[in-house]
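Read the structure below first, then the notes.
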Amino acid sequence: MNCSSKQFFISLITLFSVVLLSERGISQQRTVTVNGIVSEAITGEVLIGANVLIYSDSLKSNLPIRGGATNRYGFYSLPGIPTGTYYLFVTSIGFETIQQKIEITTKEPSLRLDFKLIKQAVKLDEVIVQDKKTAFTETSSTIEVEPYVVKQLPSIGGETDVFRALQLLPGVTAATEISTGIYVRGGSPDQNLTLVDGVVVYNPSHLGGFASTFNSDALQNIKLMKGAFPAEYGGRLSSVLDVTMREGTREKFVGTAGINMISSRVTLEGPLEDKATYILSGRSMYLDKILPAIPNADPIPRYSFYDLNGKVNYNLSESNKISISGFFSQDNLTEPPANKDVGFDIGWGNSTINLTWTSINSASIFTNTSLMYTNYSFSTLIKDKSPVKDPLDFFTSSVINDFLLRRDMQIFAGENHTIKTGAEVVYHNFSTTTSDYFIQELKYKENYGTSVQAVEASIFLQDEWKIFDNFSTNFGTRLYYFQNQKFLRAEPRISLTYNIFERFILRGSFAVAHQALHMLTRNDIYLPTDVWYPSTKDVTPSRAIQGAVGFEASSFDQTFLFSVEAYYKDLKDIYEYKEGANFSFNTEFEKQLTSGRGEAYGLEFFLNKRIGSVNGWIGYTTAWTRRHFELLNAGNSFYPRYDRRHDISIVVTYEPMKNLNFGATWTYGTGQAFALPIGQYSFVGISTPTSDNKEALYYNYSERDAFRLPPFHKLDLSCKYTILWNDNSLEFALSIYNAYNRNNPFSKYIGYKIDEATGEKIPVLKQFTLFPFLPTLGVNFKF
């Protein structure tokens with residue numbers, strides 16, 4: 001770490017010390033800390049983001065003297081409350097408000113108050129404005145998506161999809177229907193940190209928008225940070241997707257299930273005993289088994305997946321709890337029968353295990369300790385099926401095994417300060433194979449390819465500081481270390497929120513982040529060819545410096561929310577394959593890489609209607625993403641596949657009655673940039689055992705961004721009808737994917753046809769499209 005980084009880190013620690021000492025000096029009088037857990041009355045599930053407010057009178061005629069929100073474990077702490085009589089209010093979306101009179105005395109330094117909230121049935125014409133949670137949070141560039149919102153959106157056969165909902169937000173896109181990740185503000189999929197109950201998931205999506213990896217029946221909270229995220233997160237450059245899974249009900253055994261034309265799912269949950277709960281969910285998609293029975297389905301790729309989630313929680317005491325959770329998934333994609341040019345077999349899988357211990361150490365200190373294991377594998381086999389003598393095959397495989405130990409602490413230091421600190425260490429084991437030919441041993445033997453081990457460590461310190469009633473900040477730093485390069489850097493982070501008026505908020509943020517893991521993808525192949533590779537002594541960790549500024553405004557009755565945000569991101573030490581990279585099996589992998597820099601900037605608009613029977617939003621993003629590599633594209637800057645000049649999303653949901661819901665989404669995106677041959681040449685090659693002295697044909701390619709695919713757009717529709725009886729429900733879901741049958745091109749590429757008379761291989765331009773008009777019917781039921 002250089003001198004300036006050391007000085008910055010020392011200065012920041014000094015600032016934290018001064019703040020805490022001043023806070024302690026202000027609070028010399030005897031005060032009490034009120035703390036506890038907020039949960040749901042029936043199921044016992046903890047409630048995230050529930051508001052706990054203390055007023056001096058029951059009419060709430062003045063501002064609350066203290067207030068806070070529960071963390072992801074349902075814990076709240078309100079320190080520094082003087083002696084006296086107060087009225088405490090607990091509120092959360094969709095739940096009845098609790099009001100309780102409390103007496104604060106100095107007999108004990110703390111007062112433990114746990115609350116159980118009862119669900120509230122709110123009629124459409126009696127919506128309470130205070131209960132409508134906004135999509136945006138107190139942190140800049142952060143959006144929380146409620147699971148019930150996800151369930152209202154159109155989906156295949158009623159199978160709700162978290163990633164489909166995220167892709168409808170400004171600044172978030174999917175490259176194509178076959179994309180295996182989301183692109184956030186011009187970043188590649190590997191630059192997104194995806195956490196499921198704190199565990200890293202390398203590939204968190206299924207193809208085609210059919211479903212996300214996360215079963216919505218098991219979801220509790222979804223938070224997306226599109227940039228400049230707080231110091232508690234690290235290891236990625238662009239964004240953070242933090243997903244929290246439910247713990248399972250304490251009331252009784254219950255289940256939900258769903259079946260449609262291409263997939264089915266089931267979720268089971270309940271108590272194991274007085275102190276323990278469980279939740280298990282699983283899904284399977286069998287499109288590859290259905291398609292052969294559908295007429296004219298030969299052009300559609302064969303695809304299937306399964307995923308399993310499980311979680312068990314046990315309360316050791318009132319203040320200590322342990323949980324163990326696991327997640328497993330597997331996807332397989334193969335070429336359609338009608339594809340005569342190229343054959344492919346693509347598969348990937350995730351496996352994670354997490355053991356977590358949470359503890360309320362005192363009235364104002366909450367700790368979390370986790371031991372985690374992650375396994376991720378991805379392989380692509382592409383075979384040239386054209387009848388030529390020298391086929392162009394390609395095989396790639398990546399296997400990652402991670403062991404992680406993390407310890408976090410949340411300290412409610414005073415009236416206006418919530419401090420978070422923690423440390424983590426990760427052991428990585430990477431295995432990477434690339435080859436321009438394929439034999440079965442490459443896929444199943446571990447001694448092939450390149451193996452790299454690495455240790456990654458970090459510590460962080462941050463403070464959520466309410467400077468004034470209308471001005472707050474989240475500032476801190478993260479100290480990041482990567483063993484292979486003895487790489488040590490400080491990453492400062494700051495986010496500011498200023499409430500000019502009650503309904504008008506200004507936001508700004510700045511962050512520095514580093515990433516030691518790189519995902520390499522071939523740009524000359526239109527199918528996924530992901531290869532994960534860590535930094536080494538010759539491959540430097542990537543760095544991002546990013547900032548954002550914007551405002552958020554709501555209407556007088558809070559029916560409408562409007563926001564605008566501009567961002568800029570500077571990237572350094574990003575990697576791609578060299579032009580003409582050699583993928584022979586015995587070639588040194590790192591010699592095929594080249595480093596460069598990039599930038600991304602744009603403007604996002606968001607208009608959200610939140611109250612009434614008709615709801616939805618319109619999102620628009622205009623953005624630019626550039627890359628510059630000295631050894632690529634003749635040294636000229638170019639727009640990569642992550643560049644999207646215009647992106648529009650329109651979402652509408654209509655609920656004419658409690659048990660009937662209609663949904664529609666329309667998306668439009670600028671076509672991705674790509675290169676095509678603009679000329680061809682040939683010369684007589686040297687004879688080898690696999691070739692003779694015939695002329696070899698070569699192509700002269702255009703610049704990388706010389707061409708763009710046609711714009712991508714499609715309309716999805718859905719209708720859901722629910723029948724209720726007792727505690728059970730039966731839902732029928734009709735969905736139409738790609739309603740006006742838009743043939744969105746996935747790729748344009750050079751194929752071949754053979755002249756029957758001469759046997760000559762003739763290049764032709766071809767287009768590959770994916771999923772057409774696709775109606776599905778599904779049934780979901782709770783028991």
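Within each chain, counting starts at residue 1; across the structure tokens, chains are named A, B, ... in the order shown, with ligands numbered 1 upward in that order.
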
Exercise. Excluding Lys572 in chain A and residues on its chain fewer than 4 positions from it, collect all residues at most 8 Å away from it, counting only C-alpha atoms, and give them as a VMD selection string.
Key: chain A and resid 542 to 544 596 to 598

Export of the given selection (N, CA and C atoms) as a compact mmCIF listing (two decimals), in the first residue's frame:
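The file below, again-v4.txt, is the result:
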# COMPACT_ATOMS: atom_id res chain seq x y z
N SER A 542 -8.35 -5.59 -11.40
CA SER A 542 -9.01 -4.44 -12.04
C SER A 542 -9.38 -3.41 -10.98
N ARG A 543 -9.55 -2.17 -11.44
CA ARG A 543 -9.91 -1.09 -10.54
C ARG A 543 -11.01 -0.23 -11.16
N ALA A 544 -11.94 0.21 -10.32
CA ALA A 544 -13.01 1.10 -10.79
C ALA A 544 -13.11 2.30 -9.85
N GLY A 596 -6.46 -3.46 -20.70
CA GLY A 596 -6.87 -2.17 -21.23
C GLY A 596 -7.63 -1.38 -20.19
N ARG A 597 -8.31 -0.37 -20.65
CA ARG A 597 -9.08 0.48 -19.75
C ARG A 597 -10.45 0.72 -20.36
N GLY A 598 -11.33 1.31 -19.58
CA GLY A 598 -12.67 1.57 -20.09
C GLY A 598 -13.36 2.67 -19.30

Quiz item: Near range 528-541 of chain A, within 9 Å and counting only C-alpha atoms, which residues show up once chain neighbours fewer than 6 positions away are dropped, as a PyMOL selection string?
Solution: chain A and resi 178-180+190+346+378-381+395-400+428+430-434+452-454+482-487+514-522+572-575+590+593+595

Residues of the last selection are to be written out with N, CA and C atoms, as a tab-separated table (two decimals), in the first residue's frame.
chain	number	residue	atom	x	y	z
A	178	ILE	N	-30.32	-15.10	-24.32
A	178	ILE	CA	-29.51	-16.23	-23.88
A	178	ILE	C	-28.45	-15.80	-22.86
A	179	SER	N	-28.54	-14.54	-22.42
A	179	SER	CA	-27.56	-14.01	-21.48
A	179	SER	C	-27.61	-14.76	-20.16
A	180	THR	N	-26.44	-15.00	-19.56
A	180	THR	CA	-26.36	-15.67	-18.27
A	180	THR	C	-26.09	-14.70	-17.13
A	190	ASP	N	-19.40	-10.42	-14.72
A	190	ASP	CA	-18.51	-10.81	-13.64
A	190	ASP	C	-18.25	-9.67	-12.67
A	346	ILE	N	-23.56	-26.64	-23.62
A	346	ILE	CA	-23.16	-25.68	-22.60
A	346	ILE	C	-23.81	-26.06	-21.28
A	378	PHE	N	-18.39	-24.20	-15.14
A	378	PHE	CA	-18.96	-23.76	-16.41
A	378	PHE	C	-18.15	-24.39	-17.54
A	379	SER	N	-18.85	-24.97	-18.50
A	379	SER	CA	-18.15	-25.57	-19.64
A	379	SER	C	-18.93	-25.30	-20.92
A	380	THR	N	-18.19	-25.09	-22.01
A	380	THR	CA	-18.78	-24.86	-23.33
A	380	THR	C	-18.05	-25.74	-24.33
A	381	LEU	N	-18.80	-26.51	-25.09
A	381	LEU	CA	-18.26	-27.28	-26.20
A	381	LEU	C	-18.95	-26.83	-27.47
A	395	PHE	N	-13.38	-25.71	-26.97
A	395	PHE	CA	-13.83	-26.22	-25.68
A	395	PHE	C	-13.23	-25.36	-24.59
A	396	THR	N	-14.05	-24.99	-23.61
A	396	THR	CA	-13.56	-24.25	-22.45
A	396	THR	C	-14.24	-24.75	-21.19
A	397	SER	N	-13.51	-24.70	-20.08
A	397	SER	CA	-14.06	-25.16	-18.81
A	397	SER	C	-13.44	-24.34	-17.69
A	398	SER	N	-14.28	-23.94	-16.73
A	398	SER	CA	-13.82	-23.25	-15.52
A	398	SER	C	-14.45	-23.92	-14.30
A	399	VAL	N	-13.63	-24.18	-13.29
A	399	VAL	CA	-14.11	-24.72	-12.03
A	399	VAL	C	-13.52	-23.88	-10.90
A	400	ILE	N	-14.39	-23.37	-10.02
A	400	ILE	CA	-13.95	-22.53	-8.91
A	400	ILE	C	-14.42	-23.16	-7.60
A	428	HIS	N	-9.26	-19.21	-2.73
A	428	HIS	CA	-9.75	-19.56	-4.06
A	428	HIS	C	-8.91	-20.68	-4.66
A	430	PHE	N	-8.80	-22.18	-8.55
A	430	PHE	CA	-9.30	-22.07	-9.92
A	430	PHE	C	-8.70	-23.16	-10.79
A	431	SER	N	-9.53	-23.71	-11.66
A	431	SER	CA	-9.06	-24.64	-12.69
A	431	SER	C	-9.65	-24.20	-14.01
A	432	THR	N	-8.79	-23.91	-14.99
A	432	THR	CA	-9.22	-23.36	-16.27
A	432	THR	C	-8.65	-24.18	-17.42
A	433	THR	N	-9.50	-24.50	-18.41
A	433	THR	CA	-9.07	-25.25	-19.59
A	433	THR	C	-9.64	-24.59	-20.83
A	434	THR	N	-8.82	-24.38	-21.82
A	434	THR	CA	-9.28	-23.95	-23.14
A	434	THR	C	-8.57	-24.80	-24.19
A	452	VAL	N	-4.80	-22.51	-10.43
A	452	VAL	CA	-4.24	-21.38	-9.69
A	452	VAL	C	-4.93	-21.31	-8.34
A	453	GLN	N	-4.15	-21.09	-7.28
A	453	GLN	CA	-4.69	-20.89	-5.94
A	453	GLN	C	-4.39	-19.44	-5.51
A	454	ALA	N	-5.26	-18.90	-4.69
A	454	ALA	CA	-5.07	-17.52	-4.25
A	454	ALA	C	-5.81	-17.29	-2.94
A	482	PHE	N	-4.87	-8.93	-2.00
A	482	PHE	CA	-4.88	-10.14	-2.83
A	482	PHE	C	-3.46	-10.70	-2.85
A	483	GLN	N	-3.32	-11.96	-2.46
A	483	GLN	CA	-2.02	-12.56	-2.17
A	483	GLN	C	-1.11	-12.65	-3.39
A	484	ASN	N	-1.66	-13.05	-4.55
A	484	ASN	CA	-0.80	-13.40	-5.68
A	484	ASN	C	0.07	-12.25	-6.16
A	485	GLN	N	-0.37	-11.02	-5.95
A	485	GLN	CA	0.44	-9.86	-6.35
A	485	GLN	C	0.90	-9.05	-5.15
A	486	LYS	N	0.70	-9.60	-3.95
A	486	LYS	CA	0.93	-8.79	-2.74
A	486	LYS	C	0.23	-7.44	-2.90
A	487	PHE	N	-1.01	-7.50	-3.40
A	487	PHE	CA	-1.78	-6.32	-3.78
A	487	PHE	C	-2.56	-5.82	-2.58
A	514	HIS	N	-11.89	-2.68	-6.23
A	514	HIS	CA	-10.96	-3.52	-6.97
A	514	HIS	C	-11.55	-4.92	-7.12
A	515	GLN	N	-11.12	-5.61	-8.15
A	515	GLN	CA	-11.60	-6.97	-8.43
A	515	GLN	C	-10.44	-7.81	-8.95
A	516	ALA	N	-10.16	-8.90	-8.26
A	516	ALA	CA	-9.04	-9.76	-8.62
A	516	ALA	C	-9.45	-10.97	-9.46
A	517	LEU	N	-10.75	-11.11	-9.73
A	517	LEU	CA	-11.24	-12.22	-10.54
A	517	LEU	C	-11.71	-11.68	-11.88
A	518	HIS	N	-11.34	-12.34	-12.97
A	518	HIS	CA	-11.64	-11.86	-14.30
A	518	HIS	C	-12.39	-12.94	-15.08
A	519	MET	N	-13.43	-12.51	-15.80
A	519	MET	CA	-14.15	-13.43	-16.68
A	519	MET	C	-13.81	-13.07	-18.12
A	520	LEU	N	-13.23	-14.03	-18.85
A	520	LEU	CA	-12.85	-13.83	-20.24
A	520	LEU	C	-13.87	-14.49	-21.15
A	521	THR	N	-14.25	-13.79	-22.22
A	521	THR	CA	-15.23	-14.29	-23.17
A	521	THR	C	-14.75	-14.03	-24.59
A	522	ARG	N	-14.86	-15.02	-25.46
A	522	ARG	CA	-14.49	-14.84	-26.86
A	522	ARG	C	-15.51	-13.97	-27.56
A	572	LYS	N	-9.91	0.40	-15.02
A	572	LYS	CA	-8.50	0.22	-15.34
A	572	LYS	C	-8.13	-1.25	-15.14
A	573	ASP	N	-7.19	-1.73	-15.96
A	573	ASP	CA	-6.69	-3.11	-15.86
A	573	ASP	C	-7.81	-4.13	-16.03
A	574	ILE	N	-8.60	-3.95	-17.09
A	574	ILE	CA	-9.58	-4.97	-17.48
A	574	ILE	C	-8.97	-5.80	-18.61
A	575	TYR	N	-9.41	-7.05	-18.74
A	575	TYR	CA	-8.72	-7.99	-19.62
A	575	TYR	C	-9.65	-8.58	-20.67
A	590	GLU	N	-2.11	-17.19	-19.97
A	590	GLU	CA	-1.92	-15.78	-19.69
A	590	GLU	C	-1.32	-15.02	-20.86
A	593	LEU	N	-3.79	-13.04	-23.17
A	593	LEU	CA	-4.58	-11.95	-22.61
A	593	LEU	C	-3.90	-10.60	-22.84
A	595	SER	N	-4.40	-6.31	-21.50
A	595	SER	CA	-5.10	-5.43	-20.56
A	595	SER	C	-5.43	-4.10	-21.22

Self-check item: Picked from range 611-745 of chain A by DSSP as strand (DSSP E), as a PyMOL selection string
Solution: chain A and resi 614-628+646-657+660-669+673-674+677-684+695-701+707-708+712-725+728-737+745

Practice problem: Between A:Gly94, A:Lys289, A:Pro170, A:Tyr306, single out the one closest to Ala623 in chain A, counting only C-alpha atoms. | Solution: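 Under the stated criterion, the closest residue is A:Pro170.
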
Self-check item: Those of range 415-543 of chain A in DSSP alpha helix (DSSP H), formatted as an MDAnalysis selection string
Solution: chainID A and resid 440:444

Exercise. Please provide as number ranges by chain all residues within 10 Å of Gly508 in chain A, with the sequence filter that same-chain residues fewer than 4 positions apart are discarded (counting only C-alpha atoms).
Key: A: 139-141, 228, 473, 494-498, 547-551, 565-567

Once you have the residues from the selection above, write them out as a PDB file, in the first residue's frame, restricted to C-alpha atoms.
ATOM      1  CA  THR A 139     -28.292   4.941   0.049  1.00  0.00           C
ATOM      2  CA  SER A 140     -27.532   6.364  -3.401  1.00  0.00           C
ATOM      3  CA  SER A 141     -28.088   4.072  -6.428  1.00  0.00           C
ATOM      4  CA  ALA A 228     -20.769   3.223  -5.371  1.00  0.00           C
ATOM      5  CA  THR A 473     -24.139  10.154   5.004  1.00  0.00           C
ATOM      6  CA  ILE A 494     -19.096   7.819   0.607  1.00  0.00           C
ATOM      7  CA  SER A 495     -22.808   8.370  -0.012  1.00  0.00           C
ATOM      8  CA  LEU A 496     -24.731  11.589   0.778  1.00  0.00           C
ATOM      9  CA  THR A 497     -28.485  12.183   1.120  1.00  0.00           C
ATOM     10  CA  TYR A 498     -30.001  15.645   1.507  1.00  0.00           C
ATOM     11  CA  GLY A 547     -19.591   8.355  -8.838  1.00  0.00           C
ATOM     12  CA  ALA A 548     -23.271   9.208  -9.159  1.00  0.00           C
ATOM     13  CA  VAL A 549     -25.492  12.193  -8.498  1.00  0.00           C
ATOM     14  CA  GLY A 550     -29.242  12.575  -8.780  1.00  0.00           C
ATOM     15  CA  PHE A 551     -32.533  13.539  -7.215  1.00  0.00           C
ATOM     16  CA  GLU A 565     -29.534   9.872 -11.710  1.00  0.00           C
ATOM     17  CA  ALA A 566     -26.318  10.418 -13.680  1.00  0.00           C
ATOM     18  CA  TYR A 567     -23.263   8.215 -13.233  1.00  0.00           C
TER      19      TYR A 567
END

Which residues of range 30-59 of chain A have any atom within 7 Å of an atom in range 100-124 of chain A when counting only C-alpha atoms, and what is the closest pair of atoms for each, with the distance in Å to one decimal? Order the rows by chain and rising number and write it as CSV.
residue,atom,partner,partner_atom,distance
A:Arg30,CA,A:Thr106,CA,6.7
A:Thr31,CA,A:Thr106,CA,6.8
A:Val32,CA,A:Pro109,CA,5.0
A:Thr33,CA,A:Ser110,CA,4.6
A:Val34,CA,A:Leu111,CA,4.7
A:Asn35,CA,A:Arg112,CA,5.1
A:Gly36,CA,A:Asp114,CA,4.7
A:Ile37,CA,A:Asp114,CA,4.8
A:Val38,CA,A:Phe115,CA,4.8
A:Ser39,CA,A:Lys116,CA,5.0
A:Glu40,CA,A:Leu117,CA,5.0
A:Ala41,CA,A:Lys116,CA,4.5

Practice problem: For CA of Lys275 in chain A and CA of Thr43 in chain A, quote the distance in Å rounded to one decimal. | Solution: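 Computing the Euclidean distance for CA of Lys275 in chain A and CA of Thr43 in chain A yields 12.8 Å.
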
Practice problem: Measuring atom to atom with only C-alpha atoms, identify which of A:Val145, A:Leu272, A:Asn203, A:Asn368 is nearest to Leu224 in chain A. | Solution: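 Checking each candidate against Leu224 in chain A, we get A:Val145 as the closest.
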
Quiz item: Could you state the separation of CA of Ser304 in chain A and CA of Val254 in chain A in Å, given to one decimal place?
Solution: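 Rounded to one decimal, the two atoms are 27.8 Å apart.
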
Quiz item: What's the 7 Å shell around range 278-284 of chain A, counting only C-alpha atoms, without same-chain residues fewer than 4 positions away, as a ChimeraX atom specification?
Solution: /A:247-248,263-272,305-313

Could you dump the residues just selected with N, CA, C and O atoms as a compact mmCIF listing (two decimals), in the first residue's frame?
# COMPACT_ATOMS: atom_id res chain seq x y z
N GLU A 247 -36.71 -17.78 6.48
CA GLU A 247 -36.27 -18.76 7.45
C GLU A 247 -37.23 -19.93 7.61
O GLU A 247 -36.87 -20.96 8.17
N GLY A 248 -38.48 -19.76 7.16
CA GLY A 248 -39.48 -20.81 7.37
C GLY A 248 -40.40 -20.47 8.51
O GLY A 248 -39.99 -19.88 9.52
N SER A 263 -42.22 -26.28 -16.66
CA SER A 263 -41.48 -26.41 -15.40
C SER A 263 -42.44 -26.63 -14.25
O SER A 263 -43.65 -26.48 -14.37
N SER A 264 -41.87 -27.01 -13.10
CA SER A 264 -42.65 -27.19 -11.87
C SER A 264 -41.76 -26.85 -10.68
O SER A 264 -40.54 -26.89 -10.77
N ARG A 265 -42.42 -26.55 -9.54
CA ARG A 265 -41.66 -26.18 -8.36
C ARG A 265 -42.46 -26.54 -7.11
O ARG A 265 -43.68 -26.72 -7.17
N VAL A 266 -41.76 -26.62 -5.97
CA VAL A 266 -42.41 -26.88 -4.71
C VAL A 266 -41.58 -26.27 -3.59
O VAL A 266 -40.35 -26.23 -3.66
N THR A 267 -42.26 -25.74 -2.56
CA THR A 267 -41.61 -25.19 -1.37
C THR A 267 -42.31 -25.74 -0.14
O THR A 267 -43.54 -25.66 -0.04
N LEU A 268 -41.55 -26.28 0.79
CA LEU A 268 -42.07 -26.84 2.03
C LEU A 268 -41.38 -26.15 3.20
O LEU A 268 -40.17 -25.91 3.16
N GLU A 269 -42.16 -25.84 4.25
CA GLU A 269 -41.57 -25.16 5.41
C GLU A 269 -42.39 -25.46 6.65
O GLU A 269 -43.55 -25.87 6.57
N GLY A 270 -41.75 -25.22 7.79
CA GLY A 270 -42.46 -25.44 9.05
C GLY A 270 -41.51 -25.52 10.22
O GLY A 270 -40.30 -25.39 10.08
N PRO A 271 -42.06 -25.75 11.43
CA PRO A 271 -41.21 -25.87 12.63
C PRO A 271 -40.66 -27.29 12.76
O PRO A 271 -41.33 -28.27 12.43
N LEU A 272 -39.41 -27.39 13.23
CA LEU A 272 -38.85 -28.69 13.60
C LEU A 272 -39.11 -28.97 15.07
O LEU A 272 -39.35 -30.10 15.46
N PHE A 305 -33.07 -27.16 -16.62
CA PHE A 305 -32.35 -26.81 -15.40
C PHE A 305 -33.07 -27.37 -14.19
O PHE A 305 -34.24 -27.76 -14.26
N TYR A 306 -32.35 -27.40 -13.08
CA TYR A 306 -32.97 -27.64 -11.77
C TYR A 306 -32.23 -26.80 -10.75
O TYR A 306 -31.06 -26.43 -10.92
N ASP A 307 -32.90 -26.45 -9.67
CA ASP A 307 -32.24 -25.80 -8.54
C ASP A 307 -32.91 -26.19 -7.24
O ASP A 307 -34.11 -26.50 -7.20
N LEU A 308 -32.13 -26.21 -6.17
CA LEU A 308 -32.59 -26.61 -4.84
C LEU A 308 -32.10 -25.59 -3.82
O LEU A 308 -30.93 -25.15 -3.88
N ASN A 309 -32.96 -25.20 -2.90
CA ASN A 309 -32.60 -24.30 -1.79
C ASN A 309 -33.05 -24.94 -0.48
O ASN A 309 -34.12 -25.55 -0.42
N GLY A 310 -32.25 -24.76 0.54
CA GLY A 310 -32.63 -25.27 1.85
C GLY A 310 -32.03 -24.44 2.96
O GLY A 310 -30.94 -23.87 2.80
N LYS A 311 -32.77 -24.33 4.09
CA LYS A 311 -32.28 -23.53 5.21
C LYS A 311 -32.88 -24.06 6.49
O LYS A 311 -34.08 -24.33 6.57
N VAL A 312 -32.05 -24.23 7.51
CA VAL A 312 -32.50 -24.66 8.84
C VAL A 312 -31.98 -23.65 9.85
O VAL A 312 -30.80 -23.27 9.83
N ASN A 313 -32.87 -23.18 10.75
CA ASN A 313 -32.52 -22.20 11.78
C ASN A 313 -32.79 -22.78 13.16
O ASN A 313 -33.80 -23.45 13.37

Exercise. Write out as JSON, numbers by chain the residues lying within 7 Å of Phe783 in chain A, counting only C-alpha atoms and excluding same-chain residues fewer than 4 positions away.
Key: {"A": [254, 255, 256, 728]}

Practice problem: Find the residues around His417 in chain A up to 7 Å (only C-alpha atoms counted), leave out those fewer than 4 positions away in its own chain, and share them as a PyMOL selection string. | Solution: chain A and resi 412-413+463-466

Exercise. Within 6 Å of range 219-221 of chain A, counting only C-alpha atoms, which residues show up once you throw out same-chain ones fewer than 4 positions away? Write them as a list in words, please.
Key: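 Counting only the stated atoms, we get Val243, Thr244, Met245 and Arg246 of chain A.
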
Quiz prompt | Option closest in space to Asn738 in chain A, from A:Gly422, A:Gly67, A:Gly635, A:Pro154 [counting only C-alpha atoms] | solution =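 Selected residue with least distance to Asn738 in chain A: A:Pro154.
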
Quiz item: Do you have the CA of Pro147 in chain A-CA of Phe253 in chain A distance handy?
Solution: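 CA of Phe253 in chain A lies at a distance of 21.4 Å from CA of Pro147 in chain A.
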
Quiz item: Out of A:Gly476, A:Tyr373, A:Ala553, A:Tyr87, which residue has the shortest atom-to-atom distance to Arg507 in chain A when counting only C-alpha atoms?
Solution: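 Of all the options, A:Ala553 lies closest to Arg507 in chain A.
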
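Restricting the calculation to only C-alpha atoms, the smallest distance between Thr776 in chain A and any of A:Leu717, A:Ala581, A:Ile618, A:Ala513 is found for A:Leu717.
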
Practice problem: Would you mind telling me which residue in A:Thr594, A:Thr621, A:Ser702, A:Thr421 lies nearest to Asn633 in chain A when using only C-alpha atoms? | Solution: A:Ser702
